[in-house]
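Structure file protein_31.tsv (TSV, N, CA and C atoms) is printed below.
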```tsv
chain	number	residue	atom	x	y	z
A	682	PHE	N	-3.62	1.30	20.09
A	682	PHE	CA	-2.65	2.12	19.39
A	682	PHE	C	-2.87	3.59	19.66
A	683	ASN	N	-4.12	3.95	19.87
A	683	ASN	CA	-4.39	5.35	20.21
A	683	ASN	C	-3.77	5.73	21.54
A	684	HIS	N	-3.75	4.78	22.49
A	684	HIS	CA	-3.10	5.05	23.77
A	684	HIS	C	-1.60	5.26	23.55
A	685	GLY	N	-1.00	4.43	22.70
A	685	GLY	CA	0.42	4.59	22.40
A	685	GLY	C	0.71	5.94	21.79
A	686	ILE	N	-0.15	6.36	20.87
A	686	ILE	CA	0.02	7.67	20.23
A	686	ILE	C	-0.11	8.78	21.27
A	687	SER	N	-1.04	8.62	22.21
A	687	SER	CA	-1.25	9.66	23.22
A	687	SER	C	-0.05	9.83	24.15
A	688	PHE	N	0.80	8.80	24.27
A	688	PHE	CA	1.97	8.91	25.13
A	688	PHE	C	3.16	9.57	24.43
A	689	LEU	N	3.06	9.76	23.13
A	689	LEU	CA	4.17	10.39	22.40
A	689	LEU	C	4.30	11.85	22.82
A	690	GLN	N	5.54	12.26	23.01
A	690	GLN	CA	5.83	13.65	23.41
A	690	GLN	C	5.84	14.56	22.17
A	691	GLU	N	5.82	15.85	22.40
A	691	GLU	CA	5.89	16.82	21.31
A	691	GLU	C	7.14	16.55	20.48
A	692	GLY	N	7.01	16.68	19.18
A	692	GLY	CA	8.13	16.43	18.27
A	692	GLY	C	8.39	14.95	18.04
A	693	TYR	N	7.37	14.14	18.27
A	693	TYR	CA	7.55	12.69	18.17
A	693	TYR	C	7.93	12.23	16.78
A	694	TRP	N	7.48	12.91	15.73
A	694	TRP	CA	7.85	12.49	14.37
A	694	TRP	C	9.35	12.65	14.15
A	695	GLN	N	9.95	13.63	14.78
A	695	GLN	CA	11.40	13.82	14.64
A	695	GLN	C	12.16	12.93	15.61
A	696	GLU	N	11.70	12.84	16.84
A	696	GLU	CA	12.42	12.11	17.89
A	696	GLU	C	12.26	10.60	17.79
A	697	HIS	N	11.06	10.15	17.46
A	697	HIS	CA	10.74	8.71	17.45
A	697	HIS	C	10.01	8.36	16.16
A	698	TYR	N	10.69	8.60	15.06
A	698	TYR	CA	10.05	8.45	13.75
A	698	TYR	C	9.51	7.04	13.52
A	699	ASP	N	10.34	6.02	13.70
A	699	ASP	CA	9.92	4.64	13.40
A	699	ASP	C	8.74	4.22	14.27
A	700	LEU	N	8.78	4.55	15.55
A	700	LEU	CA	7.70	4.23	16.46
A	700	LEU	C	6.42	4.97	16.05
A	701	SER	N	6.55	6.24	15.72
A	701	SER	CA	5.39	7.03	15.31
A	701	SER	C	4.77	6.46	14.05
A	702	LEU	N	5.60	6.13	13.09
A	702	LEU	CA	5.10	5.58	11.84
A	702	LEU	C	4.36	4.27	12.09
A	703	GLU	N	4.92	3.40	12.90
A	703	GLU	CA	4.30	2.11	13.20
A	703	GLU	C	2.98	2.29	13.94
A	704	LEU	N	2.95	3.16	14.95
A	704	LEU	CA	1.73	3.39	15.70
A	704	LEU	C	0.61	3.97	14.83
A	705	PHE	N	0.95	4.95	14.01
A	705	PHE	CA	-0.06	5.56	13.16
A	705	PHE	C	-0.55	4.59	12.09
A	706	ASP	N	0.36	3.78	11.56
A	706	ASP	CA	-0.02	2.78	10.57
A	706	ASP	C	-0.98	1.76	11.17
A	707	LEU	N	-0.66	1.24	12.33
A	707	LEU	CA	-1.51	0.23	12.97
A	707	LEU	C	-2.84	0.83	13.43
A	708	ALA	N	-2.81	2.05	13.93
A	708	ALA	CA	-4.06	2.70	14.34
A	708	ALA	C	-4.96	2.93	13.12
A	709	ALA	N	-4.36	3.30	12.00
A	709	ALA	CA	-5.13	3.51	10.76
A	709	ALA	C	-5.73	2.19	10.28
A	710	ARG	N	-4.96	1.12	10.39
A	710	ARG	CA	-5.47	-0.20	9.99
A	710	ARG	C	-6.68	-0.58	10.86
A	711	CYS	N	-6.59	-0.33	12.15
A	711	CYS	CA	-7.71	-0.60	13.06
A	711	CYS	C	-8.91	0.28	12.71
A	712	ALA	N	-8.65	1.54	12.41
A	712	ALA	CA	-9.74	2.46	12.05
A	712	ALA	C	-10.47	1.96	10.81
A	713	LEU	N	-9.72	1.50	9.80
A	713	LEU	CA	-10.35	0.97	8.59
A	713	LEU	C	-11.16	-0.28	8.92
A	714	THR	N	-10.60	-1.16	9.73
A	714	THR	CA	-11.29	-2.39	10.10
A	714	THR	C	-12.60	-2.08	10.83
A	715	ASN	N	-12.59	-1.03	11.65
A	715	ASN	CA	-13.78	-0.65	12.40
A	715	ASN	C	-14.72	0.27	11.61
A	716	GLY	N	-14.33	0.61	10.38
A	716	GLY	CA	-15.16	1.49	9.57
A	716	GLY	C	-15.13	2.94	10.01
A	717	ASP	N	-14.11	3.31	10.77
A	717	ASP	CA	-13.98	4.67	11.28
A	717	ASP	C	-13.17	5.50	10.28
A	718	ILE	N	-13.84	5.94	9.25
A	718	ILE	CA	-13.19	6.65	8.15
A	718	ILE	C	-12.64	8.00	8.60
A	719	VAL	N	-13.31	8.66	9.56
A	719	VAL	CA	-12.84	9.96	10.05
A	719	VAL	C	-11.48	9.80	10.73
A	720	SER	N	-11.34	8.79	11.60
A	720	SER	CA	-10.05	8.55	12.26
A	720	SER	C	-8.99	8.16	11.25
A	721	LEU	N	-9.37	7.33	10.30
A	721	LEU	CA	-8.42	6.92	9.26
A	721	LEU	C	-7.91	8.14	8.51
A	722	LYS	N	-8.79	9.06	8.19
A	722	LYS	CA	-8.40	10.27	7.47
A	722	LYS	C	-7.41	11.10	8.30
A	723	LEU	N	-7.71	11.28	9.59
A	723	LEU	CA	-6.83	12.07	10.46
A	723	LEU	C	-5.46	11.40	10.62
A	724	LEU	N	-5.45	10.10	10.81
A	724	LEU	CA	-4.19	9.37	10.97
A	724	LEU	C	-3.37	9.39	9.68
A	725	SER	N	-4.07	9.19	8.56
A	725	SER	CA	-3.35	9.16	7.28
A	725	SER	C	-2.76	10.53	6.94
A	726	GLU	N	-3.46	11.59	7.30
A	726	GLU	CA	-2.93	12.94	7.04
A	726	GLU	C	-1.62	13.15	7.77
A	727	GLN	N	-1.51	12.62	8.99
A	727	GLN	CA	-0.26	12.74	9.75
A	727	GLN	C	0.88	12.01	9.04
A	728	VAL	N	0.63	10.78	8.62
A	728	VAL	CA	1.68	9.99	7.97
A	728	VAL	C	2.07	10.62	6.64
A	729	ILE	N	1.09	11.09	5.89
A	729	ILE	CA	1.39	11.72	4.60
A	729	ILE	C	2.20	13.00	4.81
A	730	ALA	N	1.88	13.75	5.86
A	730	ALA	CA	2.60	15.00	6.13
A	730	ALA	C	4.01	14.76	6.66
A	731	TYR	N	4.19	13.76	7.51
A	731	TYR	CA	5.47	13.58	8.19
A	731	TYR	C	6.29	12.39	7.70
A	732	GLY	N	5.72	11.57	6.83
A	732	GLY	CA	6.48	10.44	6.30
A	732	GLY	C	7.71	10.93	5.56
A	733	ARG	N	8.83	10.29	5.81
A	733	ARG	CA	10.10	10.75	5.22
A	733	ARG	C	10.29	10.32	3.78
A	734	SER	N	9.64	9.25	3.39
A	734	SER	CA	9.79	8.78	2.01
A	734	SER	C	8.45	8.28	1.49
A	735	TYR	N	8.36	8.16	0.19
A	735	TYR	CA	7.13	7.66	-0.42
A	735	TYR	C	6.86	6.24	0.05
A	736	GLU	N	7.92	5.44	0.19
A	736	GLU	CA	7.78	4.06	0.64
A	736	GLU	C	7.19	4.00	2.05
A	737	ASP	N	7.56	4.95	2.90
A	737	ASP	CA	7.02	4.99	4.26
A	737	ASP	C	5.52	5.29	4.27
A	738	LYS	N	5.04	5.92	3.22
A	738	LYS	CA	3.63	6.31	3.15
A	738	LYS	C	2.76	5.26	2.44
A	739	LEU	N	3.39	4.25	1.85
A	739	LEU	CA	2.64	3.31	1.02
A	739	LEU	C	1.56	2.53	1.78
A	740	ASN	N	1.85	2.08	2.99
A	740	ASN	CA	0.83	1.34	3.74
A	740	ASN	C	-0.40	2.20	4.00
A	741	ILE	N	-0.18	3.44	4.39
A	741	ILE	CA	-1.29	4.36	4.64
A	741	ILE	C	-2.04	4.64	3.35
A	742	LEU	N	-1.32	4.85	2.26
A	742	LEU	CA	-1.97	5.11	0.98
A	742	LEU	C	-2.82	3.92	0.56
A	743	TYR	N	-2.34	2.72	0.85
A	743	TYR	CA	-3.12	1.51	0.55
A	743	TYR	C	-4.42	1.51	1.37
A	744	LEU	N	-4.33	1.82	2.65
A	744	LEU	CA	-5.51	1.85	3.50
A	744	LEU	C	-6.51	2.91	3.04
A	745	VAL	N	-6.00	4.07	2.63
A	745	VAL	CA	-6.87	5.13	2.12
A	745	VAL	C	-7.57	4.67	0.85
A	746	THR	N	-6.83	4.00	-0.03
A	746	THR	CA	-7.41	3.48	-1.26
A	746	THR	C	-8.51	2.46	-0.95
A	747	CYS	N	-8.25	1.59	0.03
A	747	CYS	CA	-9.27	0.62	0.45
A	747	CYS	C	-10.50	1.33	1.00
A	748	SER	N	-10.28	2.36	1.80
A	748	SER	CA	-11.43	3.07	2.39
A	748	SER	C	-12.29	3.73	1.32
A	749	LEU	N	-11.66	4.22	0.27
A	749	LEU	CA	-12.44	4.81	-0.82
A	749	LEU	C	-13.30	3.74	-1.49
A	750	ALA	N	-12.73	2.57	-1.70
A	750	ALA	CA	-13.49	1.48	-2.32
A	750	ALA	C	-14.64	1.05	-1.42
A	751	PHE	N	-14.38	0.95	-0.11
A	751	PHE	CA	-15.41	0.53	0.84
A	751	PHE	C	-16.50	1.59	0.99
A	752	SER	N	-16.17	2.85	0.67
A	752	SER	CA	-17.13	3.95	0.80
A	752	SER	C	-17.87	4.23	-0.50
A	753	SER	N	-17.90	3.24	-1.37
A	753	SER	CA	-18.59	3.36	-2.66
A	753	SER	C	-18.02	4.46	-3.54
A	754	LYS	N	-16.72	4.72	-3.39
A	754	LYS	CA	-16.03	5.68	-4.25
A	754	LYS	C	-15.02	4.93	-5.11
A	755	LEU	N	-15.52	3.90	-5.78
A	755	LEU	CA	-14.65	3.01	-6.54
A	755	LEU	C	-13.84	3.71	-7.63
A	756	PRO	N	-14.44	4.59	-8.43
A	756	PRO	CA	-13.63	5.26	-9.46
A	756	PRO	C	-12.45	6.05	-8.86
A	757	GLU	N	-12.72	6.73	-7.74
A	757	GLU	CA	-11.67	7.49	-7.07
A	757	GLU	C	-10.60	6.55	-6.51
A	758	SER	N	-11.03	5.42	-5.98
A	758	SER	CA	-10.10	4.42	-5.45
A	758	SER	C	-9.20	3.87	-6.56
A	759	ILE	N	-9.79	3.57	-7.70
A	759	ILE	CA	-9.02	3.04	-8.83
A	759	ILE	C	-8.02	4.08	-9.32
A	760	GLU	N	-8.48	5.32	-9.45
A	760	GLU	CA	-7.59	6.39	-9.92
A	760	GLU	C	-6.41	6.58	-8.97
A	761	LYS	N	-6.69	6.58	-7.67
A	761	LYS	CA	-5.63	6.74	-6.67
A	761	LYS	C	-4.66	5.56	-6.74
A	762	GLY	N	-5.19	4.35	-6.86
A	762	GLY	CA	-4.35	3.16	-6.97
A	762	GLY	C	-3.45	3.20	-8.20
A	763	LEU	N	-4.00	3.62	-9.32
A	763	LEU	CA	-3.21	3.73	-10.55
A	763	LEU	C	-2.12	4.79	-10.42
A	764	ASP	N	-2.44	5.92	-9.77
A	764	ASP	CA	-1.44	6.96	-9.54
A	764	ASP	C	-0.28	6.45	-8.67
A	765	ILE	N	-0.62	5.72	-7.62
A	765	ILE	CA	0.39	5.18	-6.72
A	765	ILE	C	1.27	4.18	-7.46
A	766	LEU	N	0.66	3.29	-8.23
A	766	LEU	CA	1.44	2.32	-9.00
A	766	LEU	C	2.34	3.03	-10.02
A	767	ALA	N	1.83	4.09	-10.64
A	767	ALA	CA	2.65	4.86	-11.59
A	767	ALA	C	3.86	5.46	-10.88
A	768	ASN	N	3.66	5.94	-9.65
A	768	ASN	CA	4.78	6.49	-8.87
A	768	ASN	C	5.80	5.41	-8.53
A	769	LEU	N	5.36	4.15	-8.52
A	769	LEU	CA	6.27	3.03	-8.25
A	769	LEU	C	6.89	2.48	-9.53
A	770	GLY	N	6.57	3.11	-10.66
A	770	GLY	CA	7.13	2.68	-11.94
A	770	GLY	C	6.32	1.61	-12.64
A	771	ILE	N	5.10	1.40	-12.20
A	771	ILE	CA	4.22	0.40	-12.82
A	771	ILE	C	3.10	1.16	-13.52
A	772	ASP	N	3.17	1.21	-14.84
A	772	ASP	CA	2.21	1.98	-15.61
A	772	ASP	C	1.16	1.04	-16.20
A	773	LEU	N	-0.05	1.15	-15.72
A	773	LEU	CA	-1.13	0.31	-16.22
A	773	LEU	C	-2.02	1.05	-17.21
A	774	GLN	N	-1.66	2.27	-17.54
A	774	GLN	CA	-2.47	3.04	-18.48
A	774	GLN	C	-2.35	2.49	-19.90
A	775	GLU	N	-1.23	1.83	-20.16
A	775	GLU	CA	-1.03	1.21	-21.47
A	775	GLU	C	-2.11	0.14	-21.65
A	776	SER	N	-2.90	0.30	-22.68
A	776	SER	CA	-4.01	-0.64	-22.83
A	776	SER	C	-3.56	-1.87	-23.60
A	777	ARG	N	-3.69	-3.00	-22.94
A	777	ARG	CA	-3.44	-4.30	-23.57
A	777	ARG	C	-4.61	-5.19	-23.20
A	778	SER	N	-4.96	-6.03	-24.12
A	778	SER	CA	-6.09	-6.90	-23.85
A	778	SER	C	-5.70	-7.98	-22.86
A	779	THR	N	-6.71	-8.53	-22.22
A	779	THR	CA	-6.49	-9.62	-21.28
A	779	THR	C	-5.86	-10.81	-21.99
A	780	GLU	N	-6.29	-11.04	-23.22
A	780	GLU	CA	-5.76	-12.17	-23.99
A	780	GLU	C	-4.26	-12.03	-24.22
A	781	VAL	N	-3.81	-10.81	-24.52
A	781	VAL	CA	-2.38	-10.57	-24.73
A	781	VAL	C	-1.61	-10.82	-23.43
A	782	CYS	N	-2.14	-10.35	-22.32
A	782	CYS	CA	-1.48	-10.55	-21.03
A	782	CYS	C	-1.40	-12.04	-20.69
A	783	VAL	N	-2.48	-12.75	-20.92
A	783	VAL	CA	-2.49	-14.20	-20.64
A	783	VAL	C	-1.48	-14.90	-21.53
A	784	GLN	N	-1.40	-14.53	-22.80
A	784	GLN	CA	-0.45	-15.15	-23.73
A	784	GLN	C	0.99	-14.88	-23.31
A	785	GLU	N	1.29	-13.65	-22.91
A	785	GLU	CA	2.64	-13.31	-22.45
A	785	GLU	C	3.01	-14.12	-21.21
A	786	THR	N	2.07	-14.23	-20.28
A	786	THR	CA	2.32	-14.99	-19.06
A	786	THR	C	2.54	-16.46	-19.38
A	787	THR	N	1.72	-17.01	-20.26
A	787	THR	CA	1.85	-18.42	-20.66
A	787	THR	C	3.21	-18.66	-21.30
A	788	THR	N	3.63	-17.75	-22.16
A	788	THR	CA	4.92	-17.88	-22.82
A	788	THR	C	6.06	-17.84	-21.80
A	789	LEU	N	5.99	-16.91	-20.86
A	789	LEU	CA	7.02	-16.81	-19.84
A	789	LEU	C	7.07	-18.07	-18.97
A	790	LEU	N	5.92	-18.58	-18.59
A	790	LEU	CA	5.87	-19.75	-17.72
A	790	LEU	C	6.25	-21.04	-18.46
A	791	SER	N	6.05	-21.07	-19.77
A	791	SER	CA	6.35	-22.30	-20.53
A	791	SER	C	7.84	-22.60	-20.58
A	792	THR	N	8.67	-21.61	-20.29
A	792	THR	CA	10.12	-21.82	-20.32
A	792	THR	C	10.65	-22.38	-19.00
A	793	ARG	N	9.77	-22.54	-18.02
A	793	ARG	CA	10.17	-23.02	-16.69
A	793	ARG	C	9.47	-24.32	-16.36
A	794	THR	N	10.18	-25.15	-15.62
A	794	THR	CA	9.58	-26.40	-15.15
A	794	THR	C	8.74	-26.11	-13.91
A	795	ASP	N	7.90	-27.07	-13.55
A	795	ASP	CA	7.09	-26.92	-12.33
A	795	ASP	C	7.97	-26.72	-11.11
A	796	ASP	N	9.06	-27.48	-11.03
A	796	ASP	CA	9.96	-27.34	-9.89
A	796	ASP	C	10.59	-25.95	-9.83
A	797	GLU	N	10.96	-25.40	-10.97
A	797	GLU	CA	11.53	-24.05	-10.99
A	797	GLU	C	10.52	-23.02	-10.50
A	798	ILE	N	9.28	-23.19	-10.92
A	798	ILE	CA	8.24	-22.25	-10.49
A	798	ILE	C	8.00	-22.38	-8.99
A	799	LEU	N	7.91	-23.63	-8.50
A	799	LEU	CA	7.65	-23.85	-7.08
A	799	LEU	C	8.82	-23.41	-6.20
A	800	ASN	N	10.03	-23.42	-6.74
A	800	ASN	CA	11.21	-23.06	-5.96
A	800	ASN	C	11.69	-21.63	-6.22
A	801	THR	N	10.87	-20.86	-6.88
A	801	THR	CA	11.21	-19.46	-7.12
A	801	THR	C	11.27	-18.73	-5.78
A	802	ARG	N	12.27	-17.86	-5.65
A	802	ARG	CA	12.41	-17.09	-4.41
A	802	ARG	C	11.16	-16.26	-4.16
A	803	GLN	N	10.81	-16.17	-2.90
A	803	GLN	CA	9.69	-15.34	-2.50
A	803	GLN	C	10.09	-13.87	-2.63
A	804	MET	N	9.15	-13.05	-3.05
A	804	MET	CA	9.41	-11.63	-3.18
A	804	MET	C	9.74	-11.04	-1.81
A	805	THR	N	10.79	-10.24	-1.75
A	805	THR	CA	11.20	-9.65	-0.47
A	805	THR	C	11.23	-8.12	-0.50
A	806	ASP	N	11.18	-7.54	-1.68
A	806	ASP	CA	11.21	-6.08	-1.81
A	806	ASP	C	9.90	-5.50	-1.28
A	807	PRO	N	9.95	-4.77	-0.14
A	807	PRO	CA	8.71	-4.27	0.46
A	807	PRO	C	7.91	-3.36	-0.46
A	808	THR	N	8.59	-2.61	-1.31
A	808	THR	CA	7.88	-1.72	-2.23
A	808	THR	C	7.09	-2.52	-3.25
A	809	MET	N	7.69	-3.58	-3.77
A	809	MET	CA	6.99	-4.40	-4.75
A	809	MET	C	5.89	-5.24	-4.10
A	810	ILE	N	6.07	-5.60	-2.84
A	810	ILE	CA	5.02	-6.34	-2.13
A	810	ILE	C	3.78	-5.46	-1.99
A	811	ILE	N	3.97	-4.21	-1.61
A	811	ILE	CA	2.82	-3.31	-1.48
A	811	ILE	C	2.25	-3.00	-2.86
A	812	ALA	N	3.09	-2.94	-3.89
A	812	ALA	CA	2.60	-2.74	-5.26
A	812	ALA	C	1.68	-3.90	-5.65
A	813	MET	N	2.05	-5.11	-5.26
A	813	MET	CA	1.20	-6.27	-5.55
A	813	MET	C	-0.14	-6.15	-4.81
A	814	LYS	N	-0.13	-5.60	-3.61
A	814	LYS	CA	-1.39	-5.39	-2.88
A	814	LYS	C	-2.28	-4.43	-3.66
A	815	PHE	N	-1.68	-3.36	-4.18
A	815	PHE	CA	-2.46	-2.40	-4.97
A	815	PHE	C	-3.01	-3.06	-6.22
A	816	LEU	N	-2.18	-3.84	-6.90
A	816	LEU	CA	-2.63	-4.53	-8.11
A	816	LEU	C	-3.79	-5.48	-7.80
A	817	THR	N	-3.67	-6.20	-6.70
A	817	THR	CA	-4.72	-7.12	-6.29
A	817	THR	C	-6.01	-6.37	-5.98
A	818	LYS	N	-5.89	-5.24	-5.30
A	818	LYS	CA	-7.05	-4.43	-4.95
A	818	LYS	C	-7.73	-3.89	-6.21
A	819	LEU	N	-6.94	-3.49	-7.20
A	819	LEU	CA	-7.51	-2.97	-8.44
A	819	LEU	C	-8.25	-4.07	-9.21
A	820	GLU	N	-7.75	-5.29	-9.08
A	820	GLU	CA	-8.36	-6.41	-9.80
A	820	GLU	C	-9.69	-6.81	-9.19
A	821	SER	N	-9.83	-6.65	-7.87
A	821	SER	CA	-11.06	-7.12	-7.20
A	821	SER	C	-12.15	-6.10	-7.17
```
Now, as a test, write the supplied structure out as structure tokens.
Amino acid sequence: FNHGISFLQEGYWQEHYDLSLELFDLAARCALTNGDIVSLKLLSEQVIAYGRSYEDKLNILYLVTCSLAFSSKLPESIEKGLDILANLGIDLQESRSTEVCVQETTTLLSTRTDDEILNTRQMTDPTMIIAMKFLTKLES
């Protein structure tokens, strides 16, 4: 991916936005996988600076959040994850006990049959899919 980025001409974020976003996202994912936090930081700064929408920046923000957790900066990772979820309209600051959440979920599921649950449409909204990734990361 770094080779692909090196072939981009000046003004690539304006001229080839989708390609640039994809290359930087994939290069950042590789950097995280290889533990190259410095490269991840440089790549993520580009996407955060030139991303056209918050949704376009979500994958990079997720990778940055993961890198914080992997770098033993768990409190900072959790705070960043909560801020991102809040920006997506998911507020987890409201304190509810686990028991209350389990009871609400049980009540909601009790109104559906097994077949209805198994045949529920798969989530397709990319913003909510990445929100679920953040929620999962916060849980683990």
From A:Leu816, A:Cys747, A:Leu769, A:Ile741, residue lying nearest Ser725 in chain A [all atoms listed in the file]: A:Ile741
Shell of 7 Å around Leu707 in chain A, only C-alpha atoms, local chain residues under 4 positions omitted, as a list of chain:residue names: A:Phe682, A:Glu703, A:Cys711
Write out as a short mmCIF file (atom, residue, chain, number, x, y, z; two decimals) with N, CA and C atoms, keeping the file's coordinate frame which residues come within 9 Å of Leu702 in chain A when counting only C-alpha atoms, dropping same-chain ones fewer than 2 positions away.
```cif
data_model
loop_
_atom_site.label_atom_id
_atom_site.label_comp_id
_atom_site.auth_asym_id
_atom_site.auth_seq_id
_atom_site.Cartn_x
_atom_site.Cartn_y
_atom_site.Cartn_z
N TRP A 694 7.48 12.91 15.73
CA TRP A 694 7.85 12.49 14.37
C TRP A 694 9.35 12.65 14.15
N HIS A 697 11.06 10.15 17.46
CA HIS A 697 10.74 8.71 17.45
C HIS A 697 10.01 8.36 16.16
N TYR A 698 10.69 8.60 15.06
CA TYR A 698 10.05 8.45 13.75
C TYR A 698 9.51 7.04 13.52
N ASP A 699 10.34 6.02 13.70
CA ASP A 699 9.92 4.64 13.40
C ASP A 699 8.74 4.22 14.27
N LEU A 700 8.78 4.55 15.55
CA LEU A 700 7.70 4.23 16.46
C LEU A 700 6.42 4.97 16.05
N LEU A 704 2.95 3.16 14.95
CA LEU A 704 1.73 3.39 15.70
C LEU A 704 0.61 3.97 14.83
N PHE A 705 0.95 4.95 14.01
CA PHE A 705 -0.06 5.56 13.16
C PHE A 705 -0.55 4.59 12.09
N ASP A 706 0.36 3.78 11.56
CA ASP A 706 -0.02 2.78 10.57
C ASP A 706 -0.98 1.76 11.17
N LEU A 707 -0.66 1.24 12.33
CA LEU A 707 -1.51 0.23 12.97
C LEU A 707 -2.84 0.83 13.43
N VAL A 728 0.63 10.78 8.62
CA VAL A 728 1.68 9.99 7.97
C VAL A 728 2.07 10.62 6.64
N TYR A 731 4.19 13.76 7.51
CA TYR A 731 5.47 13.58 8.19
C TYR A 731 6.29 12.39 7.70
N GLY A 732 5.72 11.57 6.83
CA GLY A 732 6.48 10.44 6.30
C GLY A 732 7.71 10.93 5.56
N ASP A 737 7.56 4.95 2.90
CA ASP A 737 7.02 4.99 4.26
C ASP A 737 5.52 5.29 4.27
N LYS A 738 5.04 5.92 3.22
CA LYS A 738 3.63 6.31 3.15
C LYS A 738 2.76 5.26 2.44
#
```
Interatomic distance (Å, one decimal) between CA of Val719 in chain A and CA of Thr746 in chain A: 14.1 Å
Å distance separating atom C of Leu713 in chain A from CA of Glu696 in chain A, one decimal place: 28.1 Å
For Asn768 in chain A, the nearest of the candidates A:Gln695, A:Ser720, A:Gln727, A:Thr808, counting only C-alpha atoms: A:Thr808
Can you find the residues with an atom no farther than 12 Å from (-3.5, 6.5, 21.9), counting only C-alpha atoms, and report them as a PDB file with N, CA and C atoms, in the frame of the given file?
```
ATOM      1  N   PHE A 682      -3.620   1.300  20.090  1.00  0.00           N
ATOM      2  CA  PHE A 682      -2.650   2.120  19.390  1.00  0.00           C
ATOM      3  C   PHE A 682      -2.870   3.590  19.660  1.00  0.00           C
ATOM      4  N   ASN A 683      -4.120   3.950  19.870  1.00  0.00           N
ATOM      5  CA  ASN A 683      -4.390   5.350  20.210  1.00  0.00           C
ATOM      6  C   ASN A 683      -3.770   5.730  21.540  1.00  0.00           C
ATOM      7  N   HIS A 684      -3.750   4.780  22.490  1.00  0.00           N
ATOM      8  CA  HIS A 684      -3.100   5.050  23.770  1.00  0.00           C
ATOM      9  C   HIS A 684      -1.600   5.260  23.550  1.00  0.00           C
ATOM     10  N   GLY A 685      -1.000   4.430  22.700  1.00  0.00           N
ATOM     11  CA  GLY A 685       0.420   4.590  22.400  1.00  0.00           C
ATOM     12  C   GLY A 685       0.710   5.940  21.790  1.00  0.00           C
ATOM     13  N   ILE A 686      -0.150   6.360  20.870  1.00  0.00           N
ATOM     14  CA  ILE A 686       0.020   7.670  20.230  1.00  0.00           C
ATOM     15  C   ILE A 686      -0.110   8.780  21.270  1.00  0.00           C
ATOM     16  N   SER A 687      -1.040   8.620  22.210  1.00  0.00           N
ATOM     17  CA  SER A 687      -1.250   9.660  23.220  1.00  0.00           C
ATOM     18  C   SER A 687      -0.050   9.830  24.150  1.00  0.00           C
ATOM     19  N   PHE A 688       0.800   8.800  24.270  1.00  0.00           N
ATOM     20  CA  PHE A 688       1.970   8.910  25.130  1.00  0.00           C
ATOM     21  C   PHE A 688       3.160   9.570  24.430  1.00  0.00           C
ATOM     22  N   LEU A 689       3.060   9.760  23.130  1.00  0.00           N
ATOM     23  CA  LEU A 689       4.170  10.390  22.400  1.00  0.00           C
ATOM     24  C   LEU A 689       4.300  11.850  22.820  1.00  0.00           C
ATOM     25  N   GLN A 690       5.540  12.260  23.010  1.00  0.00           N
ATOM     26  CA  GLN A 690       5.830  13.650  23.410  1.00  0.00           C
ATOM     27  C   GLN A 690       5.840  14.560  22.170  1.00  0.00           C
ATOM     28  N   SER A 701       6.550   6.240  15.720  1.00  0.00           N
ATOM     29  CA  SER A 701       5.390   7.030  15.310  1.00  0.00           C
ATOM     30  C   SER A 701       4.770   6.460  14.050  1.00  0.00           C
ATOM     31  N   LEU A 704       2.950   3.160  14.950  1.00  0.00           N
ATOM     32  CA  LEU A 704       1.730   3.390  15.700  1.00  0.00           C
ATOM     33  C   LEU A 704       0.610   3.970  14.830  1.00  0.00           C
ATOM     34  N   PHE A 705       0.950   4.950  14.010  1.00  0.00           N
ATOM     35  CA  PHE A 705      -0.060   5.560  13.160  1.00  0.00           C
ATOM     36  C   PHE A 705      -0.550   4.590  12.090  1.00  0.00           C
ATOM     37  N   LEU A 707      -0.660   1.240  12.330  1.00  0.00           N
ATOM     38  CA  LEU A 707      -1.510   0.230  12.970  1.00  0.00           C
ATOM     39  C   LEU A 707      -2.840   0.830  13.430  1.00  0.00           C
ATOM     40  N   ALA A 708      -2.810   2.050  13.930  1.00  0.00           N
ATOM     41  CA  ALA A 708      -4.060   2.700  14.340  1.00  0.00           C
ATOM     42  C   ALA A 708      -4.960   2.930  13.120  1.00  0.00           C
ATOM     43  N   ALA A 709      -4.360   3.300  12.000  1.00  0.00           N
ATOM     44  CA  ALA A 709      -5.130   3.510  10.760  1.00  0.00           C
ATOM     45  C   ALA A 709      -5.730   2.190  10.280  1.00  0.00           C
ATOM     46  N   SER A 720     -11.340   8.790  11.600  1.00  0.00           N
ATOM     47  CA  SER A 720     -10.050   8.550  12.260  1.00  0.00           C
ATOM     48  C   SER A 720      -8.990   8.160  11.250  1.00  0.00           C
ATOM     49  N   LEU A 724      -5.450  10.100  10.810  1.00  0.00           N
ATOM     50  CA  LEU A 724      -4.190   9.370  10.970  1.00  0.00           C
ATOM     51  C   LEU A 724      -3.370   9.390   9.680  1.00  0.00           C
TER      52      LEU A 724
END
```
Taking all atoms of range 804-821 of chain A that the file lists and extending 8 Å past them on each side, where is the centre of the axis-aligned box and how long are its edges? Answer in Å to one decimal, as JSON.
```
{"center_x": -0.5, "center_y": -7.4, "center_z": -4.7, "size_x": 39.4, "size_y": 27.3, "size_z": 26.3}
```
Pick from A:Tyr693, A:Arg710, A:Ala812, A:Glu736, whichever lies nearest to Leu766 in chain A using all atoms listed in the file: A:Ala812
DSSP-assigned alpha helix (DSSP H) members of range 701-806 of chain A, reported as a ChimeraX atom specification: /A:701-714,718-731,735-751,755-768,779-791,795-799
